[in-house]
$ cat model22.json   # JSON, C-alpha atoms and all ligand atoms
[["chain", "number", "residue", "atom", "x", "y", "z"],
["A", 1253, "GLN", "CA", -3.68, -6.07, 22.00],
["A", 1254, "TRP", "CA", -0.94, -8.68, 21.38],
["A", 1255, "ILE", "CA", 2.01, -7.88, 19.17],
["A", 1256, "TYR", "CA", 4.33, -10.55, 17.81],
["A", 1257, "LEU", "CA", 7.94, -9.55, 18.40],
["A", 1258, "ASN", "CA", 10.82, -11.94, 17.69],
["A", 1259, "GLY", "CA", 9.23, -15.15, 18.92],
["A", 1260, "HIS", "CA", 7.04, -13.68, 21.67],
["A", 1261, "PHE", "CA", 3.59, -12.14, 21.99],
["A", 1262, "VAL", "CA", 3.93, -8.93, 23.96],
["A", 1263, "THR", "CA", 1.70, -6.02, 24.94],
["A", 1264, "LYS", "CA", 1.81, -2.70, 23.11],
["A", 1265, "GLU", "CA", 3.82, -1.21, 26.01],
["A", 1266, "ASP", "CA", 6.41, -3.98, 25.81],
["A", 1267, "ALA", "CA", 6.66, -4.01, 22.01],
["A", 1268, "LYS", "CA", 10.03, -2.26, 21.76],
["A", 1269, "VAL", "CA", 13.00, -2.69, 19.45],
["A", 1270, "SER", "CA", 16.59, -1.64, 20.03],
["A", 1271, "VAL", "CA", 17.96, 1.75, 18.96],
["A", 1272, "TYR", "CA", 20.72, -0.30, 17.30],
["A", 1273, "ASP", "CA", 18.21, -2.03, 15.02],
["A", 1274, "HIS", "CA", 19.16, -1.15, 11.45],
["A", 1275, "GLY", "CA", 15.47, -0.71, 10.64],
["A", 1276, "PHE", "CA", 15.62, 2.30, 12.96],
["A", 1277, "LEU", "CA", 19.13, 3.50, 12.13],
["A", 1278, "TYR", "CA", 18.96, 3.12, 8.35],
["A", 1279, "GLY", "CA", 15.45, 2.17, 7.29],
["A", 1280, "ASP", "CA", 17.02, -1.18, 6.45],
["A", 1281, "GLY", "CA", 14.10, -3.55, 6.22],
["A", 1282, "ILE", "CA", 10.85, -4.43, 4.50],
["A", 1283, "PHE", "CA", 7.15, -4.47, 5.34],
["A", 1284, "GLU", "CA", 3.67, -5.44, 4.24],
["A", 1285, "GLY", "CA", 0.23, -4.06, 4.98],
["A", 1286, "ILE", "CA", -2.54, -6.65, 4.83],
["A", 1287, "ARG", "CA", -6.28, -6.46, 5.62],
["A", 1288, "VAL", "CA", -8.57, -8.73, 7.55],
["A", 1289, "TYR", "CA", -12.20, -8.52, 6.47],
["A", 1290, "SER", "CA", -14.86, -10.32, 8.56],
["A", 1291, "GLY", "CA", -12.13, -12.54, 10.00],
["A", 1292, "ASN", "CA", -10.66, -13.45, 6.59],
["A", 1293, "VAL", "CA", -7.16, -12.35, 5.57],
["A", 1294, "TYR", "CA", -7.38, -10.80, 2.11],
["A", 1295, "ARG", "CA", -4.97, -12.10, -0.56],
["A", 1296, "MET", "CA", -2.56, -13.37, 2.07],
["A", 1297, "GLU", "CA", -0.43, -15.39, -0.35],
["A", 1298, "GLU", "CA", 0.12, -12.43, -2.67],
["A", 1299, "HIS", "CA", 1.22, -10.24, 0.24],
["A", 1300, "MET", "CA", 3.56, -12.95, 1.54],
["A", 1301, "ASP", "CA", 5.00, -13.53, -1.95],
["A", 1302, "ARG", "CA", 5.66, -9.80, -2.26],
["A", 1303, "LEU", "CA", 7.31, -9.68, 1.18],
["A", 1304, "TYR", "CA", 9.67, -12.54, 0.31],
["A", 1305, "GLN", "CA", 10.44, -10.92, -3.04],
["A", 1306, "SER", "CA", 11.20, -7.61, -1.29],
["A", 1307, "GLY", "CA", 13.54, -9.54, 1.04],
["A", 1308, "LYS", "CA", 15.24, -11.30, -1.85],
["A", 1309, "SER", "CA", 15.75, -8.03, -3.70],
["A", 1310, "ILE", "CA", 17.55, -6.36, -0.77],
["A", 1311, "LEU", "CA", 19.34, -9.57, 0.34],
["A", 1312, "LEU", "CA", 17.42, -9.74, 3.60],
["A", 1313, "GLN", "CA", 16.83, -13.35, 4.56],
["A", 1314, "ILE", "CA", 13.55, -13.68, 6.46],
["A", 1315, "PRO", "CA", 14.22, -16.08, 9.36],
["A", 1316, "HIS", "CA", 11.08, -18.15, 8.72],
["A", 1317, "THR", "CA", 9.71, -20.14, 5.83],
["A", 1318, "GLN", "CA", 6.79, -18.47, 4.09],
["A", 1319, "GLU", "CA", 4.52, -21.13, 5.58],
["A", 1320, "GLU", "CA", 5.77, -20.50, 9.14],
["A", 1321, "LEU", "CA", 5.41, -16.74, 8.80],
["A", 1322, "THR", "CA", 1.92, -17.10, 7.35],
["A", 1323, "GLY", "CA", 1.08, -19.22, 10.42],
["A", 1324, "LEU", "CA", 2.47, -16.54, 12.75],
["A", 1325, "VAL", "CA", 0.38, -13.84, 11.04],
["A", 1326, "LEU", "CA", -2.78, -15.95, 11.39],
["A", 1327, "GLU", "CA", -1.92, -16.67, 15.03],
["A", 1328, "THR", "CA", -1.46, -12.96, 15.76],
["A", 1329, "VAL", "CA", -4.84, -12.21, 14.17],
["A", 1330, "ALA", "CA", -6.48, -15.00, 16.20],
["A", 1331, "ARG", "CA", -4.91, -13.84, 19.49],
["A", 1332, "ASN", "CA", -6.24, -10.33, 18.97],
["A", 1333, "ASN", "CA", -9.72, -11.68, 18.32],
["A", 1334, "ILE", "CA", -10.48, -8.97, 15.80],
["A", 1335, "LYS", "CA", -12.64, -9.42, 12.71],
["A", 1336, "ASP", "CA", -11.81, -6.30, 10.70],
["A", 1337, "ALA", "CA", -8.25, -5.16, 10.96],
["A", 1338, "TYR", "CA", -5.04, -4.05, 9.33],
["A", 1339, "ILE", "CA", -1.93, -6.21, 9.71],
["A", 1340, "ARG", "CA", 1.50, -4.60, 9.64],
["A", 1341, "LEU", "CA", 4.28, -7.08, 9.10],
["A", 1342, "VAL", "CA", 7.80, -5.66, 9.48],
["A", 1343, "ILE", "CA", 11.12, -7.42, 8.98],
["A", 1344, "SER", "CA", 14.18, -5.32, 9.69],
["A", 1345, "ARG", "CA", 17.84, -6.20, 9.23],
["A", 1346, "GLY", "CA", 18.02, -6.49, 13.02],
["A", 1347, "ILE", "CA", 20.35, -5.28, 15.73],
["A", 1348, "GLY", "CA", 23.85, -4.30, 14.61],
["A", 1349, "ASP", "CA", 26.22, -1.51, 15.53],
["A", 1350, "LEU", "CA", 26.35, 2.11, 14.38],
["A", 1351, "GLY", "CA", 28.10, 1.16, 11.15],
["A", 1352, "LEU", "CA", 26.11, 0.64, 7.96],
["A", 1353, "ASP", "CA", 27.41, -2.89, 7.47],
["A", 1354, "PRO", "CA", 24.36, -5.21, 7.48],
["A", 1355, "TYR", "CA", 26.65, -8.22, 8.01],
["A", 1356, "ASN", "CA", 27.07, -7.09, 11.63],
["A", 1357, "CYS", "CA", 23.34, -7.63, 12.18],
["A", 1358, "LYS", "CA", 23.03, -11.12, 13.60],
["A", 1359, "ALA", "CA", 19.29, -11.76, 13.18],
["A", 1360, "PRO", "CA", 16.45, -9.90, 11.48],
["A", 1361, "SER", "CA", 13.72, -8.48, 13.73],
["A", 1362, "VAL", "CA", 10.22, -9.76, 13.01],
["A", 1363, "VAL", "CA", 7.19, -7.73, 14.08],
["A", 1364, "ILE", "CA", 3.50, -8.39, 13.47],
["A", 1365, "ILE", "CA", 0.95, -5.77, 14.56],
["A", 1366, "VAL", "CA", -2.80, -6.24, 14.14],
["A", 1367, "GLU", "CA", -5.14, -3.35, 14.83],
["A", 1368, "PRO", "CA", -8.25, -1.57, 13.52],
["A", 1369, "LEU", "CA", -7.62, 0.91, 10.73],
["A", 1370, "ALA", "CA", -9.49, 3.50, 8.73],
["A", 1371, "ILE", "CA", -7.17, 5.91, 6.93],
["A", 1372, "PHE", "CA", -10.01, 7.89, 5.38],
["A", 1373, "PRO", "CA", -13.19, 8.75, 7.32],
["A", 1374, "LYS", "CA", -16.18, 6.72, 6.10],
["A", 1375, "HIS", "CA", -18.05, 9.65, 4.57],
["A", 1376, "LEU", "CA", -15.20, 10.32, 2.12],
["A", 1377, "TYR", "CA", -16.05, 7.04, 0.35],
["A", 1378, "GLU", "CA", -19.45, 8.62, -0.42],
["A", 1379, "THR", "CA", -18.23, 12.10, -1.33],
["A", 1380, "GLY", "CA", -14.83, 11.36, -2.89],
["A", 1381, "ILE", "CA", -11.61, 13.20, -2.01],
["A", 1382, "GLU", "CA", -9.63, 16.13, -3.28],
["A", 1383, "ILE", "CA", -5.97, 15.58, -4.10],
["A", 1384, "VAL", "CA", -3.00, 17.49, -5.50],
["A", 1385, "THR", "CA", 0.14, 16.57, -7.39],
["A", 1386, "VAL", "CA", 3.33, 17.34, -5.50],
["A", 1387, "ALA", "CA", 6.99, 18.18, -6.04],
["A", 1388, "THR", "CA", 8.25, 14.95, -4.44],
["A", 1389, "ARG", "CA", 9.13, 12.48, -7.20],
["A", 1390, "ARG", "CA", 8.91, 8.71, -7.20],
["A", 1391, "ASN", "CA", 12.40, 7.24, -7.06],
["A", 1392, "ARG", "CA", 13.53, 5.75, -10.35],
["A", 1393, "PRO", "CA", 12.84, 2.04, -10.74],
["A", 1394, "ASP", "CA", 16.48, 1.44, -11.65],
["A", 1395, "VAL", "CA", 17.61, 2.95, -8.32],
["A", 1396, "LEU", "CA", 15.35, 0.93, -6.04],
["A", 1397, "SER", "CA", 12.43, -0.95, -7.51],
["A", 1398, "PRO", "CA", 9.05, 0.40, -6.40],
["A", 1399, "MET", "CA", 8.09, -3.26, -5.99],
["A", 1400, "VAL", "CA", 10.30, -3.39, -2.90],
["A", 1401, "LYS", "CA", 8.21, -2.31, 0.07],
["A", 1402, "SER", "CA", 11.24, -1.13, 2.03],
["A", 1403, "LEU", "CA", 11.34, 0.78, 5.31],
["A", 1404, "ASN", "CA", 12.67, 3.74, 3.31],
["A", 1405, "TYR", "CA", 9.36, 5.54, 2.84],
["A", 1406, "LEU", "CA", 10.67, 9.08, 3.06],
["A", 1407, "ASN", "CA", 9.34, 10.04, -0.40],
["A", 1408, "ASN", "CA", 5.94, 8.75, 0.59],
["A", 1409, "VAL", "CA", 6.05, 10.59, 3.91],
["A", 1410, "LEU", "CA", 6.98, 13.81, 2.09],
["A", 1411, "VAL", "CA", 4.01, 13.30, -0.24],
["A", 1412, "ARG", "CA", 1.77, 13.07, 2.83],
["A", 1413, "ILE", "CA", 3.32, 16.25, 4.26],
["A", 1414, "GLU", "CA", 2.75, 18.08, 0.98],
["A", 1415, "ALA", "CA", -0.87, 16.85, 0.92],
["A", 1416, "HIS", "CA", -1.34, 18.07, 4.50],
["A", 1417, "LEU", "CA", 0.15, 21.49, 3.68],
["A", 1418, "ALA", "CA", -2.24, 21.73, 0.72],
["A", 1419, "ASN", "CA", -5.12, 20.82, 3.06],
["A", 1420, "VAL", "CA", -6.17, 17.74, 1.10],
["A", 1421, "ASN", "CA", -6.37, 14.04, 1.95],
["A", 1422, "GLU", "CA", -3.83, 12.56, -0.44],
["A", 1423, "ALA", "CA", -1.47, 13.49, -3.26],
["A", 1424, "LEU", "CA", 0.06, 12.04, -6.40],
["A", 1425, "MET", "CA", 3.75, 11.67, -7.15],
["A", 1426, "LEU", "CA", 5.07, 11.99, -10.67],
["A", 1427, "ASN", "CA", 8.10, 10.07, -11.86],
["A", 1428, "ASP", "CA", 11.36, 11.71, -12.94],
["A", 1429, "GLN", "CA", 9.96, 12.23, -16.46],
["A", 1430, "GLY", "CA", 6.78, 13.85, -15.23],
["A", 1431, "TYR", "CA", 4.43, 10.91, -15.79],
["A", 1432, "VAL", "CA", 1.92, 10.22, -13.04],
["A", 1433, "ALA", "CA", 3.23, 7.39, -10.83],
["A", 1434, "GLU", "CA", 1.08, 6.82, -7.74],
["A", 1435, "GLY", "CA", -0.13, 8.19, -4.42],
["A", 1436, "SER", "CA", 1.74, 8.02, -1.10],
["A", 1437, "ALA", "CA", 0.52, 4.48, -0.46],
["A", 1438, "ASP", "CA", -2.00, 3.87, -3.21],
["A", 1439, "ASN", "CA", -2.23, 3.33, -6.95],
["A", 1440, "VAL", "CA", -4.04, 5.68, -9.29],
["A", 1441, "PHE", "CA", -6.57, 4.90, -12.01],
["A", 1442, "ILE", "CA", -8.35, 7.14, -14.50],
["A", 1443, "VAL", "CA", -11.47, 6.37, -16.52],
["A", 1444, "LYS", "CA", -11.92, 7.95, -19.95],
["A", 1445, "LYS", "CA", -14.67, 7.09, -22.43],
["A", 1446, "GLY", "CA", -15.39, 3.79, -20.67],
["A", 1447, "CYS", "CA", -11.76, 2.64, -20.69],
["A", 1448, "ILE", "CA", -9.76, 2.30, -17.46],
["A", 1449, "TYR", "CA", -6.08, 3.30, -17.32],
["A", 1450, "THR", "CA", -3.40, 2.84, -14.65],
["A", 1451, "PRO", "CA", 0.35, 3.49, -14.91],
["A", 1452, "PRO", "CA", 2.51, 0.39, -15.58],
["A", 1453, "GLY", "CA", 5.08, -0.61, -12.96],
["A", 1454, "TYR", "CA", 8.03, 0.69, -14.97],
["A", 1455, "ILE", "CA", 6.71, 4.24, -14.60],
["A", 1456, "GLY", "CA", 7.56, 3.92, -10.90],
["A", 1457, "ALA", "CA", 4.43, 2.50, -9.32],
["A", 1458, "LEU", "CA", 4.16, -0.39, -6.95],
["A", 1459, "GLU", "CA", 2.00, -2.94, -8.71],
["A", 1460, "GLY", "CA", -0.39, -3.05, -5.77],
["A", 1461, "ILE", "CA", -2.42, -6.07, -4.79],
["A", 1462, "THR", "CA", -5.60, -3.97, -4.67],
["A", 1463, "ARG", "CA", -4.61, -2.62, -8.11],
["A", 1464, "SER", "CA", -4.47, -6.20, -9.45],
["A", 1465, "ALA", "CA", -7.80, -7.05, -7.80],
["A", 1466, "ILE", "CA", -9.43, -3.98, -9.38],
["A", 1467, "ILE", "CA", -7.99, -4.79, -12.82],
["A", 1468, "GLU", "CA", -9.47, -8.30, -12.50],
["A", 1469, "ILE", "CA", -12.86, -7.02, -11.33],
["A", 1470, "ALA", "CA", -12.98, -4.36, -14.07],
["A", 1471, "LYS", "CA", -12.24, -6.97, -16.75],
["A", 1472, "GLU", "CA", -14.90, -9.28, -15.30],
["A", 1473, "LEU", "CA", -17.37, -6.39, -15.51],
["A", 1474, "GLY", "CA", -16.48, -5.99, -19.19],
["A", 1475, "TYR", "CA", -14.29, -2.88, -19.03],
["A", 1476, "GLU", "CA", -11.23, -2.44, -21.16],
["A", 1477, "VAL", "CA", -8.21, -1.89, -18.88],
["A", 1478, "LYS", "CA", -4.92, -0.47, -20.15],
["A", 1479, "GLU", "CA", -1.65, -0.22, -18.22],
["A", 1480, "GLN", "CA", -0.41, 2.93, -19.87],
["A", 1481, "ALA", "CA", 1.64, 5.99, -18.92],
["A", 1482, "PHE", "CA", -0.31, 9.25, -18.57],
["A", 1483, "THR", "CA", 0.29, 12.85, -17.59],
["A", 1484, "ARG", "CA", -1.36, 15.30, -15.21],
["A", 1485, "HIS", "CA", -3.35, 16.67, -18.14],
["A", 1486, "ASP", "CA", -4.89, 13.21, -18.73],
["A", 1487, "VAL", "CA", -5.89, 13.12, -15.07],
["A", 1488, "TYR", "CA", -7.47, 16.60, -15.21],
["A", 1489, "VAL", "CA", -9.62, 15.71, -18.25],
["A", 1490, "ALA", "CA", -10.54, 12.18, -17.13],
["A", 1491, "ASP", "CA", -14.20, 11.27, -16.60],
["A", 1492, "GLU", "CA", -13.30, 9.60, -13.30],
["A", 1493, "VAL", "CA", -10.23, 9.24, -11.09],
["A", 1494, "PHE", "CA", -9.83, 6.84, -8.20],
["A", 1495, "LEU", "CA", -7.13, 5.45, -5.90],
["A", 1496, "THR", "CA", -6.62, 1.87, -4.71],
["A", 1497, "GLY", "CA", -4.64, 0.38, -1.84],
["A", 1498, "THR", "CA", -4.81, -2.07, 1.02],
["A", 1499, "ALA", "CA", -5.50, 0.76, 3.45],
["A", 1500, "ALA", "CA", -7.41, 3.09, 1.08],
["A", 1501, "GLU", "CA", -9.43, 0.30, -0.63],
["A", 1502, "VAL", "CA", -11.09, 2.08, -3.59],
["A", 1503, "ILE", "CA", -11.72, 5.80, -3.15],
["A", 1504, "ALA", "CA", -13.03, 8.29, -5.69],
["A", 1505, "VAL", "CA", -11.11, 11.49, -6.43],
["A", 1506, "ILE", "CA", -13.30, 14.46, -7.31],
["A", 1507, "LYS", "CA", -10.76, 17.25, -7.59],
["A", 1508, "VAL", "CA", -7.09, 17.28, -8.70],
["A", 1509, "ASP", "CA", -4.98, 20.46, -8.42],
["A", 1510, "GLY", "CA", -8.18, 22.50, -8.32],
["A", 1511, "ARG", "CA", -9.66, 20.89, -11.47],
["A", 1512, "THR", "CA", -13.03, 19.25, -10.89],
["A", 1513, "ILE", "CA", -13.10, 15.67, -12.20],
["A", 1514, "GLY", "CA", -16.24, 14.82, -14.19],
["A", 1515, "GLU", "CA", -19.29, 16.07, -12.35],
["A", 1516, "GLY", "CA", -17.38, 16.51, -9.08],
["A", 1517, "VAL", "CA", -18.95, 13.42, -7.52],
["A", 1518, "PRO", "CA", -17.81, 9.76, -7.46],
["A", 1519, "GLY", "CA", -18.40, 8.31, -10.93],
["A", 1520, "GLU", "CA", -20.48, 5.26, -11.86],
["A", 1521, "THR", "CA", -17.47, 3.08, -12.75],
["A", 1522, "THR", "CA", -15.70, 3.85, -9.47],
["A", 1523, "LYS", "CA", -18.87, 3.16, -7.48],
["A", 1524, "LYS", "CA", -19.43, -0.14, -9.29],
["A", 1525, "LEU", "CA", -15.83, -1.25, -8.69],
["A", 1526, "LEU", "CA", -15.96, -0.34, -4.99],
["A", 1527, "LYS", "CA", -19.22, -2.26, -4.57],
["A", 1528, "VAL", "CA", -17.87, -5.45, -6.16],
["A", 1529, "PHE", "CA", -14.52, -5.06, -4.36],
["A", 1530, "ARG", "CA", -16.23, -4.79, -0.95],
["A", 1531, "LYS", "CA", -18.20, -7.96, -1.71],
["A", 1532, "LYS", "CA", -15.14, -9.88, -2.91],
["A", 1533, "VAL", "CA", -12.83, -8.99, -0.02],
["A", 1534, "VAL", "CA", -14.99, -11.04, 2.32],
["A", 1535, "GLU", "CA", -15.43, -13.96, -0.11],
["A", 1536, "ASP", "CA", -11.77, -14.20, -1.19],
["A", 1537, "GLY", "CA", -10.13, -14.15, 2.27],
["A", 1538, "VAL", "CA", -8.25, -16.91, 4.08],
["A", 1539, "PRO", "CA", -10.20, -17.79, 7.25],
["B", 1, "LIG", "N1", 1.89, 2.24, -3.68],
["B", 1, "LIG", "C1", 2.63, 2.27, -2.57],
["B", 1, "LIG", "C2", 3.86, 3.09, -2.54],
["B", 1, "LIG", "C3", 2.25, 1.52, -1.43],
["B", 1, "LIG", "O1", 2.99, 1.53, -0.33],
["B", 1, "LIG", "C4", 1.05, 0.78, -1.47],
["B", 1, "LIG", "C5", 0.61, 0.05, -0.29],
["B", 1, "LIG", "O2", 0.90, -1.11, -0.13],
["B", 1, "LIG", "C6", 0.30, 0.77, -2.67],
["B", 1, "LIG", "C7", 0.75, 1.52, -3.74],
["B", 1, "LIG", "C8", -0.94, -0.05, -2.79],
["B", 1, "LIG", "O3", -0.62, -1.42, -2.86],
["B", 1, "LIG", "P1", -1.55, -2.53, -2.25],
["B", 1, "LIG", "O4", -2.84, -2.48, -2.98],
["B", 1, "LIG", "O5", -0.81, -3.81, -2.49],
["B", 1, "LIG", "O6", -1.72, -2.22, -0.81]]
$ encode --input "model22.json" --output "structure tokens" --more "lines below"
Ligand code: PLP
Amino acid sequence: QWIYLNGHFVTKEDAKVSVYDHGFLYGDGIFEGIRVYSGNVYRMEEHMDRLYQSGKSILLQIPHTQEELTGLVLETVARNNIKDAYIRLVISRGIGDLGLDPYNCKAPSVVIIVEPLAIFPKHLYETGIEIVTVATRRNRPDVLSPMVKSLNYLNNVLVRIEAHLANVNEALMLNDQGYVAEGSADNVFIVKKGCIYTPPGYIGALEGITRSAIIEIAKELGYEVKEQAFTRHDVYVADEVFLTGTAAEVIAVIKVDGRTIGEGVPGETTKKLLKVFRKKVVEDGVP
């Protein structure tokens, strides 16, 4: 396995960053998670656009043009000779001193990791998963925009811990007003009477790239899709619930906080969307 680290391709053992890197000291940095399906990078441009926008938002200047960095990602994929993979692209503020001041960091650190990934075991895509809602809240969009994929993922980590303690695979965060925001690293959708709902970005959800793809697919299939705020109650009484994300893809939810969703099996709409999504991810990729 070859990892790109600041201008060099190194082995996993040699892929080390300094303890003075502000990504490590302060979570000062940004990242992207991207998928490779059958050798094609899925929605590469959208991921790169989001990365550069995250950088702009936190005043972190990525030391490559978008075109150069895209080339480096493709080169890392090619060097690893892997057809189905997950790409983790990390840009941190770089090496500074113990002080917070980012202006002491001379150059951002750039890391590209490509490796196989399956966050949920295969059979869960057939059976659906059980989730809970947790006490951890999504940070307010006016504090730090959820559109910034920063290295500060402590909320999301706490959501995962709460899910683990509840013995389920994933959990939903609410926002500060109690509206359903999103999962630890995935967006949430509900289906009610043939209409598909997902929370709008201002509720405190990252407007995920898989989310956009699913909205497009759903509209193509003739569904009405509404970006609308909803509560836990709406989730409990939905006909179907599913999550979307680069890592999660599209996964059905069959139980939320002990309430069985629909018939307790993945619903027809979710199954249809997953089927079309799986077909499209191969067709839409950048070779
Ligand atoms: N929400 C959060 C907090 C995430 O980190 C992610 C993962 O990127 C998502 C949602 C899903 O977004 P995407 O479909 O772009 O991967």
$ residues_near_ligand --input "model22.json" --ligand "ligand LIG 1 (chain B)" --cutoff "10 Å" --atoms "all atoms listed in the file" --output "PyMOL selection string"
chain A and resi 1283-1287+1295+1298-1299+1302+1390+1398-1402+1405+1407-1408+1425+1433-1440+1456-1466+1495-1502
$ write_last_selection --input "model22.json" --atoms "C-alpha atoms" --output "mmCIF file, keeping the file's coordinate frame"
data_model
loop_
_atom_site.group_PDB
_atom_site.id
_atom_site.type_symbol
_atom_site.label_atom_id
_atom_site.label_comp_id
_atom_site.auth_asym_id
_atom_site.auth_seq_id
_atom_site.Cartn_x
_atom_site.Cartn_y
_atom_site.Cartn_z
ATOM 1 C CA PHE A 1283 7.150 -4.470 5.340
ATOM 2 C CA GLU A 1284 3.670 -5.440 4.240
ATOM 3 C CA GLY A 1285 0.230 -4.060 4.980
ATOM 4 C CA ILE A 1286 -2.540 -6.650 4.830
ATOM 5 C CA ARG A 1287 -6.280 -6.460 5.620
ATOM 6 C CA ARG A 1295 -4.970 -12.100 -0.560
ATOM 7 C CA GLU A 1298 0.120 -12.430 -2.670
ATOM 8 C CA HIS A 1299 1.220 -10.240 0.240
ATOM 9 C CA ARG A 1302 5.660 -9.800 -2.260
ATOM 10 C CA ARG A 1390 8.910 8.710 -7.200
ATOM 11 C CA PRO A 1398 9.050 0.400 -6.400
ATOM 12 C CA MET A 1399 8.090 -3.260 -5.990
ATOM 13 C CA VAL A 1400 10.300 -3.390 -2.900
ATOM 14 C CA LYS A 1401 8.210 -2.310 0.070
ATOM 15 C CA SER A 1402 11.240 -1.130 2.030
ATOM 16 C CA TYR A 1405 9.360 5.540 2.840
ATOM 17 C CA ASN A 1407 9.340 10.040 -0.400
ATOM 18 C CA ASN A 1408 5.940 8.750 0.590
ATOM 19 C CA MET A 1425 3.750 11.670 -7.150
ATOM 20 C CA ALA A 1433 3.230 7.390 -10.830
ATOM 21 C CA GLU A 1434 1.080 6.820 -7.740
ATOM 22 C CA GLY A 1435 -0.130 8.190 -4.420
ATOM 23 C CA SER A 1436 1.740 8.020 -1.100
ATOM 24 C CA ALA A 1437 0.520 4.480 -0.460
ATOM 25 C CA ASP A 1438 -2.000 3.870 -3.210
ATOM 26 C CA ASN A 1439 -2.230 3.330 -6.950
ATOM 27 C CA VAL A 1440 -4.040 5.680 -9.290
ATOM 28 C CA GLY A 1456 7.560 3.920 -10.900
ATOM 29 C CA ALA A 1457 4.430 2.500 -9.320
ATOM 30 C CA LEU A 1458 4.160 -0.390 -6.950
ATOM 31 C CA GLU A 1459 2.000 -2.940 -8.710
ATOM 32 C CA GLY A 1460 -0.390 -3.050 -5.770
ATOM 33 C CA ILE A 1461 -2.420 -6.070 -4.790
ATOM 34 C CA THR A 1462 -5.600 -3.970 -4.670
ATOM 35 C CA ARG A 1463 -4.610 -2.620 -8.110
ATOM 36 C CA SER A 1464 -4.470 -6.200 -9.450
ATOM 37 C CA ALA A 1465 -7.800 -7.050 -7.800
ATOM 38 C CA ILE A 1466 -9.430 -3.980 -9.380
ATOM 39 C CA LEU A 1495 -7.130 5.450 -5.900
ATOM 40 C CA THR A 1496 -6.620 1.870 -4.710
ATOM 41 C CA GLY A 1497 -4.640 0.380 -1.840
ATOM 42 C CA THR A 1498 -4.810 -2.070 1.020
ATOM 43 C CA ALA A 1499 -5.500 0.760 3.450
ATOM 44 C CA ALA A 1500 -7.410 3.090 1.080
ATOM 45 C CA GLU A 1501 -9.430 0.300 -0.630
ATOM 46 C CA VAL A 1502 -11.090 2.080 -3.590
#
$ closest_residue --input "model22.json" --among "A:Met1296, A:Ile1334, A:Ile1347, A:Leu1376" --to "Asp1273 of chain A" --atoms "only C-alpha atoms"
A:Ile1347
$ closest_residue --input "model22.json" --among "A:Leu1352, A:Ala1470, A:Leu1526, A:Ala1504" --to "Gly1380 of chain A" --atoms "all atoms listed in the file"
A:Ala1504
$ residues_near_point --input "model22.json" --point "(-14.1, 8.4, -14.1)" --cutoff "7 Å" --atoms "only C-alpha atoms" --output "PyMOL selection string"
chain A and resi 1442-1444+1490-1493+1514+1519+1521-1522
$ atom_distance --input "model22.json" --atom1 "atom CA of Asn1356 of chain A" --atom2 "atom CA of Gly1281 of chain A"
14.5 Å
$ closest_residue --input "model22.json" --among "A:Glu1297, A:Asp1280, A:Asp1266, A:Glu1422" --to "Ser1344 of chain A" --atoms "only C-alpha atoms"
A:Asp1280
$ atom_distance --input "model22.json" --atom1 "atom CA of Tyr1454 of chain A" --atom2 "atom CA of Pro1393 of chain A"
6.5 Å
$ atom_distance --input "model22.json" --atom1 "atom CA of Glu1382 of chain A" --atom2 "atom CA of Val1487 of chain A"
12.7 Å
$ closest_residue --input "model22.json" --among "A:Phe1494, A:Phe1276, A:Tyr1338, A:Tyr1431" --to "Glu1367 of chain A" --atoms "all atoms listed in the file"
A:Tyr1338
$ closest_residue --input "model22.json" --among "A:Pro1368, A:Lys1308, A:Ile1469, A:Thr1322" --to "Lys1532 of chain A" --atoms "all atoms listed in the file"
A:Ile1469
$ closest_residue --input "model22.json" --among "A:Val1477, A:Ile1343, A:Val1505, A:Leu1321" --to "Gly1307 of chain A" --atoms "only C-alpha atoms"
A:Ile1343
$ residues_near_point --input "model22.json" --point "(-16.3, -13.8, 4.2)" --cutoff "6 Å" --atoms "all atoms listed in the file" --output "PDB file with C-alpha atoms, in the coordinates of the input"
ATOM      1  CA  SER A1290     -14.860 -10.320   8.560  1.00  0.00           C
ATOM      2  CA  VAL A1534     -14.990 -11.040   2.320  1.00  0.00           C
ATOM      3  CA  GLU A1535     -15.430 -13.960  -0.110  1.00  0.00           C
TER       4      GLU A1535
END
$ axis_aligned_box --input "model22.json" --around "segment 1370-1377 of chain A" --padding-each-side "5 Å" --output "AutoDock Vina command-line options"
--center_x -12.6 --center_y 6.9 --center_z 4.5 --size_x 20.9 --size_y 16.8 --size_z 18.4
$ residues_around --input "model22.json" --residues "Pro1315 of chain A" --least-positions-apart "3" --cutoff "12 Å" --atoms "only C-alpha atoms" --output "PyMOL selection string"
chain A and resi 1258-1259+1304+1307+1312+1318-1321+1343-1346+1358-1363
$ residues_around --input "model22.json" --residues "Gly1516 of chain A" --least-positions-apart "2" --cutoff "8 Å" --atoms "all atoms listed in the file" --output "ChimeraX atom specification"
/A:1506-1507,1512-1514,1518
